[in-house]
Structure formats: structure tokens, C-alpha cells
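Below is the file final-v2.pdb, which contains PDB, C-alpha atoms, pLDDT in the B column.
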ATOM      1  CA  MET A  11     171.164  78.787  40.730  1.00 46.00           C
ATOM      2  CA  ALA A  12     169.399  75.781  42.274  1.00 57.00           C
ATOM      3  CA  HIS A  13     168.237  77.957  45.182  1.00 84.00           C
ATOM      4  CA  ARG A  14     166.705  80.391  42.685  1.00 88.00           C
ATOM      5  CA  PHE A  15     164.754  77.544  41.081  1.00 91.00           C
ATOM      6  CA  LEU A  16     163.455  76.524  44.518  1.00 91.00           C
ATOM      7  CA  GLU A  17     162.346  80.109  45.143  1.00 93.00           C
ATOM      8  CA  ILE A  18     160.455  80.224  41.838  1.00 95.00           C
ATOM      9  CA  TYR A  19     158.898  76.816  42.556  1.00 95.00           C
ATOM     10  CA  LEU A  20     157.658  77.936  45.969  1.00 96.00           C
ATOM     11  CA  VAL A  21     156.376  81.292  44.726  1.00 97.00           C
ATOM     12  CA  ASP A  22     154.506  79.567  41.882  1.00 97.00           C
ATOM     13  CA  HIS A  23     152.904  77.126  44.308  1.00 96.00           C
ATOM     14  CA  HIS A  24     151.901  80.029  46.527  1.00 97.00           C
ATOM     15  CA  ALA A  25     150.106  81.633  43.589  1.00 96.00           C
ATOM     16  CA  GLY A  26     148.360  78.312  42.974  1.00 95.00           C
ATOM     17  CA  SER A  27     147.339  78.204  46.634  1.00 96.00           C
ATOM     18  CA  VAL A  28     145.731  81.640  46.257  1.00 95.00           C
ATOM     19  CA  ALA A  29     143.573  80.421  43.367  1.00 95.00           C
ATOM     20  CA  GLY A  30     142.793  77.123  45.115  1.00 94.00           C
ATOM     21  CA  PHE A  31     141.739  78.820  48.334  1.00 95.00           C
ATOM     22  CA  GLU A  32     139.480  81.243  46.455  1.00 94.00           C
ATOM     23  CA  LEU A  33     137.891  78.374  44.533  1.00 94.00           C
ATOM     24  CA  ALA A  34     137.366  76.306  47.693  1.00 95.00           C
ATOM     25  CA  LYS A  35     135.889  79.318  49.520  1.00 95.00           C
ATOM     26  CA  ARG A  36     133.416  79.989  46.703  1.00 92.00           C
ATOM     27  CA  MET A  37     132.475  76.318  46.422  1.00 93.00           C
ATOM     28  CA  ALA A  38     131.888  76.041  50.186  1.00 94.00           C
ATOM     29  CA  ARG A  39     129.628  79.093  50.023  1.00 93.00           C
ATOM     30  CA  ARG A  40     127.682  77.793  47.001  1.00 91.00           C
ATOM     31  CA  ASN A  41     127.164  74.381  48.588  1.00 92.00           C
ATOM     32  CA  ARG A  42     126.338  75.617  52.095  1.00 93.00           C
ATOM     33  CA  GLY A  43     123.802  73.477  53.911  1.00 93.00           C
ATOM     34  CA  THR A  44     124.679  70.307  51.993  1.00 91.00           C
ATOM     35  CA  PRO A  45     127.031  67.423  52.777  1.00 90.00           C
ATOM     36  CA  THR A  46     129.311  68.762  50.019  1.00 91.00           C
ATOM     37  CA  GLY A  47     129.303  72.181  51.660  1.00 93.00           C
ATOM     38  CA  GLN A  48     130.118  70.710  55.070  1.00 94.00           C
ATOM     39  CA  ALA A  49     133.055  68.770  53.629  1.00 95.00           C
ATOM     40  CA  LEU A  50     134.283  71.830  51.759  1.00 95.00           C
ATOM     41  CA  ASP A  51     134.044  74.004  54.895  1.00 95.00           C
ATOM     42  CA  ARG A  52     136.315  71.558  56.709  1.00 94.00           C
ATOM     43  CA  LEU A  53     138.685  71.218  53.748  1.00 95.00           C
ATOM     44  CA  LEU A  54     138.793  75.001  53.446  1.00 95.00           C
ATOM     45  CA  GLY A  55     140.326  75.203  56.923  1.00 95.00           C
ATOM     46  CA  GLU A  56     142.976  72.659  55.969  1.00 95.00           C
ATOM     47  CA  ILE A  57     143.698  74.397  52.671  1.00 95.00           C
ATOM     48  CA  GLU A  58     144.181  77.690  54.506  1.00 95.00           C
ATOM     49  CA  ALA A  59     146.479  75.992  57.048  1.00 96.00           C
ATOM     50  CA  ASP A  60     148.517  74.554  54.191  1.00 96.00           C
ATOM     51  CA  ARG A  61     148.808  78.007  52.634  1.00 95.00           C
ATOM     52  CA  VAL A  62     150.041  79.416  55.950  1.00 96.00           C
ATOM     53  CA  THR A  63     152.594  76.583  56.102  1.00 97.00           C
ATOM     54  CA  LEU A  64     153.723  77.480  52.595  1.00 97.00           C
ATOM     55  CA  GLU A  65     154.055  81.134  53.628  1.00 96.00           C
ATOM     56  CA  ASN A  66     156.141  80.061  56.649  1.00 96.00           C
ATOM     57  CA  LEU A  67     158.269  77.986  54.298  1.00 95.00           C
ATOM     58  CA  LEU A  68     158.761  80.960  51.987  1.00 95.00           C
ATOM     59  CA  ALA A  69     159.838  83.061  54.969  1.00 94.00           C
ATOM     60  CA  ALA A  70     162.228  80.317  56.109  1.00 92.00           C
ATOM     61  CA  VAL A  71     164.042  80.406  52.766  1.00 91.00           C
ATOM     62  CA  GLY A  72     163.946  84.210  52.651  1.00 92.00           C
ATOM     63  CA  VAL A  73     161.433  84.641  49.842  1.00 94.00           C
ATOM     64  CA  GLN A  74     158.318  86.790  49.591  1.00 95.00           C
ATOM     65  CA  PRO A  75     155.204  85.701  47.698  1.00 95.00           C
ATOM     66  CA  SER A  76     154.910  87.438  44.345  1.00 92.00           C
ATOM     67  CA  PHE A  77     152.186  90.063  44.408  1.00 95.00           C
ATOM     68  CA  VAL A  78     151.956  89.884  40.606  1.00 94.00           C
ATOM     69  CA  LYS A  79     151.677  86.076  40.442  1.00 94.00           C
ATOM     70  CA  ASP A  80     149.237  85.950  43.358  1.00 88.00           C
ATOM     71  CA  ARG A  81     147.045  88.665  41.823  1.00 94.00           C
ATOM     72  CA  LEU A  82     147.152  86.930  38.441  1.00 91.00           C
ATOM     73  CA  ALA A  83     146.097  83.630  40.038  1.00 86.00           C
ATOM     74  CA  TRP A  84     143.296  85.408  41.895  1.00 87.00           C
ATOM     75  CA  THR A  85     142.146  87.050  38.659  1.00 84.00           C
ATOM     76  CA  LEU A  86     142.271  83.802  36.677  1.00 83.00           C
ATOM     77  CA  GLU A  87     140.160  82.074  39.325  1.00 84.00           C
ATOM     78  CA  ARG A  88     137.592  84.859  38.969  1.00 79.00           C
ATOM     79  CA  LEU A  89     137.668  84.601  35.170  1.00 78.00           C
ATOM     80  CA  GLY A  90     137.117  80.853  35.440  1.00 76.00           C
ATOM     81  CA  ARG A  91     133.691  81.626  36.859  1.00 69.00           C
ATOM     82  CA  LEU A  92     132.632  82.855  33.435  1.00 68.00           C
ATOM     83  CA  LYS A  93     132.881  79.353  31.970  1.00 67.00           C
ATOM     84  CA  PRO A  94     129.474  78.170  30.747  1.00 63.00           C
ATOM     85  CA  ASN A  95     128.036  75.576  33.110  1.00 60.00           C
ATOM     86  CA  GLY A  96     125.123  74.233  31.093  1.00 57.00           C
ATOM     87  CA  GLN A  97     122.476  76.616  32.344  1.00 56.00           C
ATOM     88  CA  LEU A  98     121.920  80.319  32.029  1.00 52.00           C
ATOM     89  CA  ARG A  99     121.671  81.211  35.693  1.00 61.00           C
ATOM     90  CA  GLY A 100     122.645  79.599  38.948  1.00 62.00           C
ATOM     91  CA  TYR A 101     124.886  76.806  39.989  1.00 66.00           C
ATOM     92  CA  SER A 102     124.563  73.633  37.943  1.00 71.00           C
ATOM     93  CA  PRO A 103     125.545  70.073  38.867  1.00 77.00           C
ATOM     94  CA  PHE A 104     128.006  70.219  35.971  1.00 80.00           C
ATOM     95  CA  GLY A 105     129.546  73.384  37.425  1.00 84.00           C
ATOM     96  CA  ARG A 106     130.021  71.606  40.763  1.00 89.00           C
ATOM     97  CA  LEU A 107     131.683  68.655  39.036  1.00 92.00           C
ATOM     98  CA  HIS A 108     133.993  70.895  37.043  1.00 89.00           C
ATOM     99  CA  GLU A 109     134.998  72.904  40.116  1.00 92.00           C
ATOM    100  CA  LEU A 110     135.634  69.771  42.185  1.00 95.00           C
ATOM    101  CA  GLU A 111     137.895  68.477  39.442  1.00 95.00           C
ATOM    102  CA  ALA A 112     139.820  71.758  39.353  1.00 94.00           C
ATOM    103  CA  LEU A 113     140.183  71.796  43.140  1.00 96.00           C
ATOM    104  CA  SER A 114     141.285  68.142  43.116  1.00 97.00           C
ATOM    105  CA  LEU A 115     144.009  68.933  40.602  1.00 96.00           C
ATOM    106  CA  GLY A 116     145.223  71.784  42.784  1.00 96.00           C
ATOM    107  CA  VAL A 117     145.335  69.580  45.875  1.00 97.00           C
ATOM    108  CA  TRP A 118     147.236  66.894  43.966  1.00 97.00           C
ATOM    109  CA  GLY A 119     149.703  69.566  42.861  1.00 97.00           C
ATOM    110  CA  LYS A 120     150.109  70.618  46.491  1.00 98.00           C
ATOM    111  CA  ARG A 121     150.837  67.006  47.395  1.00 98.00           C
ATOM    112  CA  ALA A 122     153.478  66.946  44.663  1.00 98.00           C
ATOM    113  CA  LEU A 123     155.064  70.049  46.208  1.00 97.00           C
ATOM    114  CA  TRP A 124     155.313  68.445  49.657  1.00 97.00           C
ATOM    115  CA  VAL A 125     156.643  65.158  48.229  1.00 97.00           C
ATOM    116  CA  THR A 126     159.245  67.001  46.163  1.00 96.00           C
ATOM    117  CA  LEU A 127     160.425  69.084  49.110  1.00 96.00           C
ATOM    118  CA  GLY A 128     160.571  65.992  51.290  1.00 95.00           C
ATOM    119  CA  LYS A 129     162.910  64.326  48.787  1.00 94.00           C
ATOM    120  CA  LEU A 130     165.399  67.204  48.646  1.00 92.00           C
ATOM    121  CA  ARG A 131     168.794  66.618  50.221  1.00 88.00           C
ATOM    122  CA  GLU A 132     170.469  68.958  52.682  1.00 80.00           C
ATOM    123  CA  PRO A 133     171.099  71.864  52.409  1.00 79.00           C
ATOM    124  CA  ALA A 134     168.382  72.398  49.757  1.00 81.00           C
ATOM    125  CA  ARG A 135     165.683  70.845  51.944  1.00 86.00           C
ATOM    126  CA  PRO A 136     164.190  73.506  54.203  1.00 86.00           C
ATOM    127  CA  PRO A 137     164.439  72.363  57.846  1.00 87.00           C
ATOM    128  CA  GLY A 138     161.608  72.331  60.364  1.00 91.00           C
ATOM    129  CA  PHE A 139     158.783  71.058  58.178  1.00 94.00           C
ATOM    130  CA  ASP A 140     157.194  67.601  58.211  1.00 96.00           C
ATOM    131  CA  PHE A 141     156.793  67.211  54.467  1.00 96.00           C
ATOM    132  CA  ASP A 142     155.674  63.578  54.791  1.00 96.00           C
ATOM    133  CA  ALA A 143     152.761  64.574  57.048  1.00 97.00           C
ATOM    134  CA  LEU A 144     151.863  67.464  54.742  1.00 98.00           C
ATOM    135  CA  ALA A 145     151.900  65.134  51.720  1.00 98.00           C
ATOM    136  CA  GLU A 146     149.679  62.626  53.524  1.00 98.00           C
ATOM    137  CA  ARG A 147     147.207  65.346  54.503  1.00 98.00           C
ATOM    138  CA  ALA A 148     147.059  66.494  50.867  1.00 98.00           C
ATOM    139  CA  ALA A 149     146.478  62.882  49.772  1.00 98.00           C
ATOM    140  CA  ALA A 150     143.621  62.592  52.302  1.00 97.00           C
ATOM    141  CA  GLN A 151     142.144  65.853  50.989  1.00 97.00           C
ATOM    142  CA  PHE A 152     142.374  64.477  47.455  1.00 98.00           C
ATOM    143  CA  ARG A 153     140.601  61.257  48.481  1.00 97.00           C
ATOM    144  CA  GLU A 154     137.778  63.231  50.075  1.00 96.00           C
ATOM    145  CA  LEU A 155     137.462  65.477  47.040  1.00 96.00           C
ATOM    146  CA  GLU A 156     137.373  62.368  44.853  1.00 95.00           C
ATOM    147  CA  GLU A 157     134.358  61.100  46.827  1.00 94.00           C
ATOM    148  CA  LEU A 158     132.640  64.446  46.332  1.00 95.00           C
ATOM    149  CA  ARG A 159     133.605  64.469  42.653  1.00 94.00           C
ATOM    150  CA  ILE A 160     132.140  61.016  42.006  1.00 93.00           C
ATOM    151  CA  ALA A 161     128.893  62.022  43.732  1.00 91.00           C
ATOM    152  CA  ALA A 162     128.789  65.246  41.691  1.00 92.00           C
ATOM    153  CA  ALA A 163     129.346  63.254  38.492  1.00 92.00           C
ATOM    154  CA  ALA A 164     126.407  61.010  39.314  1.00 89.00           C
ATOM    155  CA  GLN A 165     124.260  64.095  39.853  1.00 88.00           C
ATOM    156  CA  ALA A 166     125.516  65.859  36.721  1.00 86.00           C
ATOM    157  CA  PHE A 167     125.000  62.801  34.528  1.00 86.00           C
ATOM    158  CA  PRO A 168     121.795  61.190  35.846  1.00 83.00           C
ATOM    159  CA  GLY A 169     120.598  57.999  34.311  1.00 73.00           C
ATOM    160  CA  ASP A 170     124.092  56.646  33.716  1.00 62.00           C
ATOM    161  CA  PRO A 171     122.956  53.922  31.281  1.00 56.00           C
ATOM    162  CA  ASP A 172     125.566  51.384  32.311  1.00 59.00           C
ATOM    163  CA  GLY A 173     125.453  52.255  36.010  1.00 58.00           C
ATOM    164  CA  VAL A 174     129.208  52.849  36.035  1.00 57.00           C
ATOM    165  CA  LEU A 175     129.038  55.888  38.291  1.00 55.00           C
ATOM    166  CA  ASP A 176     126.468  54.297  40.583  1.00 52.00           C
ATOM    167  CA  ARG A 177     128.700  51.208  41.052  1.00 56.00           C
ATOM    168  CA  ARG A 178     131.766  53.362  41.765  1.00 57.00           C
ATOM    169  CA  ILE A 179     129.882  55.346  44.387  1.00 53.00           C
ATOM    170  CA  ALA A 180     128.489  52.210  46.011  1.00 53.00           C
ATOM    171  CA  SER A 181     131.929  50.589  46.155  1.00 57.00           C
ATOM    172  CA  ARG A 182     133.399  53.447  48.217  1.00 53.00           C
TER     173      ARG A 182
END
Final C-alpha cells representation of the file:
Amino acid sequence: MAHRFLEIYLVDHHAGSVAGFELAKRMARRNRGTPTGQALDRLLGEIEADRVTLENLLAAVGVQPSFVKDRLAWTLERLGRLKPNGQLRGYSPFGRLHELEALSLGVWGKRALWVTLGKLREPARPPGFDFDALAERAAAQFRELEELRIAAAAQAFPGDPDGVLDRRIASR
């Protein structure tokens, strides 16, 4: 039974990786030519590499990704684009902030996956994967996204009356 729970856990995270990759790809495209876009292009490569690692992990434990869950995640990411972003047309600073927060949450969830798998005891722990390194890479991705998120917040909420956002950005 425990193995079945691990299979479900991995398949669910794979579906999340589908949505996260699609979101990161769209964000990189929408922010092309900016420092945010450059950072997202680089992170996109890492996110894709992490998804490939997860697929290798699924294969190692003899599990296939769920077409239904992956398609549902893909569809939900597309539906999320319909969320009002504070302006009728185009990409708003608020939309960027909201998307960076969503992507950050996904990356933190990926870190939780790697940490959890790294803590499993034999024989439940899949061999051949450096879960500590994967968790650290996810943490580094989260830190970079946090920098982008803080900058996006300052742009979305200009004139921060108390200068809270400006001080946070300057302290980084």
C-alpha cells in the first residue's frame, strides 16, 4: 500500500510540473527582452530538467505519468489565464506578480517533493537520485523567483507609501 501512495504522490507532482512548466514558458515569452524574461528563460531550462528527472524517477519505480492528470493540469493552467489582471488587454504588472507567486509556490512544492523523497528509508527511497542536490536547486530557484516577485510587487504597487517594498528590494 505504501508503494501505491508513493506512485500517486509522484504522478501528482508530475501533473504539477506540467502546469508549472507551461506557466514558466508563457511568462518567459511575455517578459522576453527584460531582466525578468532572461531569468525566466534560464529557470525554464532548469524546470524542464527537473521534470525530466521526475519522469526518470517515475520510470525507475515503474510508473507512468497520468495522461488525465497531466491534461487536467495543462487545462487548468490555461484557464488560469482568464483571471482578470487589472486591465482589459495586455500583460499587467499585477498579472506578472500573480504569476510569479504561482510559479514560486510550484517550485516550493517541488522542493518539498525532493526533500520528502530524500528522507525516505530503504527500500521506499528510489536509488540513483541526489535528492539533496535537487532540493537545493529548487531552493535556489525559489530564491531567484522571490527576487523577481519583490521587484514585480514594487512595479505593481508603485508609490508604496511606507517604502516597505523599496526597502526590501534594496536590502537584497
Spell out the residues picked by the PyMOL selection byres ((chain A and resi 109) around 12) here, as a ChimeraX atom specification. /A:29-30,32-38,40-41,50,87,90-91,93,95,101-108,110-116,155-156,158-159,162-163
Write the residues you've just listed into a file as a JSON list (two decimals), in the frame of the given file, and include C-alpha atoms for each of them.
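Saved as part-v4.json:
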[["chain", "number", "residue", "atom", "x", "y", "z"],
["A", 29, "ALA", "CA", 143.57, 80.42, 43.37],
["A", 30, "GLY", "CA", 142.79, 77.12, 45.12],
["A", 32, "GLU", "CA", 139.48, 81.24, 46.46],
["A", 33, "LEU", "CA", 137.89, 78.37, 44.53],
["A", 34, "ALA", "CA", 137.37, 76.31, 47.69],
["A", 35, "LYS", "CA", 135.89, 79.32, 49.52],
["A", 36, "ARG", "CA", 133.42, 79.99, 46.70],
["A", 37, "MET", "CA", 132.48, 76.32, 46.42],
["A", 38, "ALA", "CA", 131.89, 76.04, 50.19],
["A", 40, "ARG", "CA", 127.68, 77.79, 47.00],
["A", 41, "ASN", "CA", 127.16, 74.38, 48.59],
["A", 50, "LEU", "CA", 134.28, 71.83, 51.76],
["A", 87, "GLU", "CA", 140.16, 82.07, 39.33],
["A", 90, "GLY", "CA", 137.12, 80.85, 35.44],
["A", 91, "ARG", "CA", 133.69, 81.63, 36.86],
["A", 93, "LYS", "CA", 132.88, 79.35, 31.97],
["A", 95, "ASN", "CA", 128.04, 75.58, 33.11],
["A", 101, "TYR", "CA", 124.89, 76.81, 39.99],
["A", 102, "SER", "CA", 124.56, 73.63, 37.94],
["A", 103, "PRO", "CA", 125.54, 70.07, 38.87],
["A", 104, "PHE", "CA", 128.01, 70.22, 35.97],
["A", 105, "GLY", "CA", 129.55, 73.38, 37.42],
["A", 106, "ARG", "CA", 130.02, 71.61, 40.76],
["A", 107, "LEU", "CA", 131.68, 68.66, 39.04],
["A", 108, "HIS", "CA", 133.99, 70.90, 37.04],
["A", 110, "LEU", "CA", 135.63, 69.77, 42.18],
["A", 111, "GLU", "CA", 137.90, 68.48, 39.44],
["A", 112, "ALA", "CA", 139.82, 71.76, 39.35],
["A", 113, "LEU", "CA", 140.18, 71.80, 43.14],
["A", 114, "SER", "CA", 141.28, 68.14, 43.12],
["A", 115, "LEU", "CA", 144.01, 68.93, 40.60],
["A", 116, "GLY", "CA", 145.22, 71.78, 42.78],
["A", 155, "LEU", "CA", 137.46, 65.48, 47.04],
["A", 156, "GLU", "CA", 137.37, 62.37, 44.85],
["A", 158, "LEU", "CA", 132.64, 64.45, 46.33],
["A", 159, "ARG", "CA", 133.60, 64.47, 42.65],
["A", 162, "ALA", "CA", 128.79, 65.25, 41.69],
["A", 163, "ALA", "CA", 129.35, 63.25, 38.49]]
May I ask for the distance between atom CA of Glu17 of chain A and atom CA of Glu56 of chain A, given in Å to one decimal place?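 For atom CA of Glu17 of chain A relative to atom CA of Glu56 of chain A, the distance reads 23.4 Å.
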Atom CA of Arg121 of chain A and atom CA of Glu146 of chain A are how many Å apart?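 Separating atom CA of Arg121 of chain A from atom CA of Glu146 of chain A is a distance of 7.6 Å.
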Could you make a table, as CSV, of the residues of segment 64-90 of chain A that have an atom within 12 Å of an atom of segment 134-142 of chain A, each with its nearest atom pair and distance in Å to one decimal, counting only C-alpha atoms, in chain and number order?
residue,atom,partner,partner_atom,distance
A:Leu64,CA,A:Phe139,CA,9.9
A:Asn66,CA,A:Phe139,CA,9.5
A:Leu67,CA,A:Pro136,CA,7.4
A:Leu68,CA,A:Pro136,CA,9.5
A:Ala69,CA,A:Pro136,CA,10.5
A:Ala70,CA,A:Pro136,CA,7.3
A:Val71,CA,A:Pro136,CA,7.0
A:Gly72,CA,A:Pro136,CA,10.8
Excluding Glu58 of chain A and any residue of its chain fewer than 5 positions from it, enumerate the residues within 9 Å of it, using only C-alpha atoms, and give them as a ChimeraX atom specification. /A:27,31,53,63
Contact residues around segment 123-127 of chain A with all atoms listed in the file at 6 Å, ignoring same-chain residues under 3 positions, as a short mmCIF file (atom, residue, chain, number, x, y, z; two decimals) with C-alpha atoms, in the coordinates of the input:
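To be explicit, this is the file written out as result36.cif:
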data_model
loop_
_atom_site.label_atom_id
_atom_site.label_comp_id
_atom_site.auth_asym_id
_atom_site.auth_seq_id
_atom_site.Cartn_x
_atom_site.Cartn_y
_atom_site.Cartn_z
CA LYS A 120 150.11 70.62 46.49
CA LEU A 130 165.40 67.20 48.65
CA PHE A 141 156.79 67.21 54.47
CA ALA A 145 151.90 65.13 51.72
#
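Atom CA of Val28 of chain A sits 8.4 Å away from atom CA of Arg81 of chain A.
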All file atoms of segment 51-65 of chain A boxed axis-aligned, 5 Å per side, centre plus edges, as JSON:
{"center_x": 144.0, "center_y": 76.2, "center_z": 54.8, "size_x": 30.0, "size_y": 19.9, "size_z": 14.5}
Residue among A:Val21, A:Thr44, A:Leu89, A:Gly26 lying closest to Gln74 of chain A, counting all atoms listed in the file: A:Val21
Taking only C-alpha atoms into account, which of A:Ala161, A:Val73, A:Ala166, A:Val117 comes nearest Ala149 of chain A? A:Val117
Could you state which residues are captured by the PyMOL selection byres ((chain A and resi 76) around 10) in this file, as a list in words? Ile18, Val21, Asp22, His24, Ala25, Val73, Gln74, Pro75, Phe77, Val78, Lys79, Asp80, Arg81 and Leu82 of chain A
Selected residues written out with C-alpha atoms, as a compact mmCIF listing (two decimals), in the coordinates of the input:
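The resulting file, out06.txt, is reproduced below:
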# COMPACT_ATOMS: atom_id res chain seq x y z
CA ILE A 18 160.46 80.22 41.84
CA VAL A 21 156.38 81.29 44.73
CA ASP A 22 154.51 79.57 41.88
CA HIS A 24 151.90 80.03 46.53
CA ALA A 25 150.11 81.63 43.59
CA VAL A 73 161.43 84.64 49.84
CA GLN A 74 158.32 86.79 49.59
CA PRO A 75 155.20 85.70 47.70
CA PHE A 77 152.19 90.06 44.41
CA VAL A 78 151.96 89.88 40.61
CA LYS A 79 151.68 86.08 40.44
CA ASP A 80 149.24 85.95 43.36
CA ARG A 81 147.04 88.66 41.82
CA LEU A 82 147.15 86.93 38.44
Determine the nearest neighbour of Leu16 of chain A from the options A:Arg88, A:Arg153, A:Pro133, A:Ile160, counting all atoms listed in the file.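 That would be A:Pro133, the residue with the smallest distance to Leu16 of chain A.
For the set A:Ala143, A:Ala150, A:Ala122, A:Ala164, the residue with the smallest atom-to-atom gap to His23 of chain A is A:Ala122, counting all atoms listed in the file.
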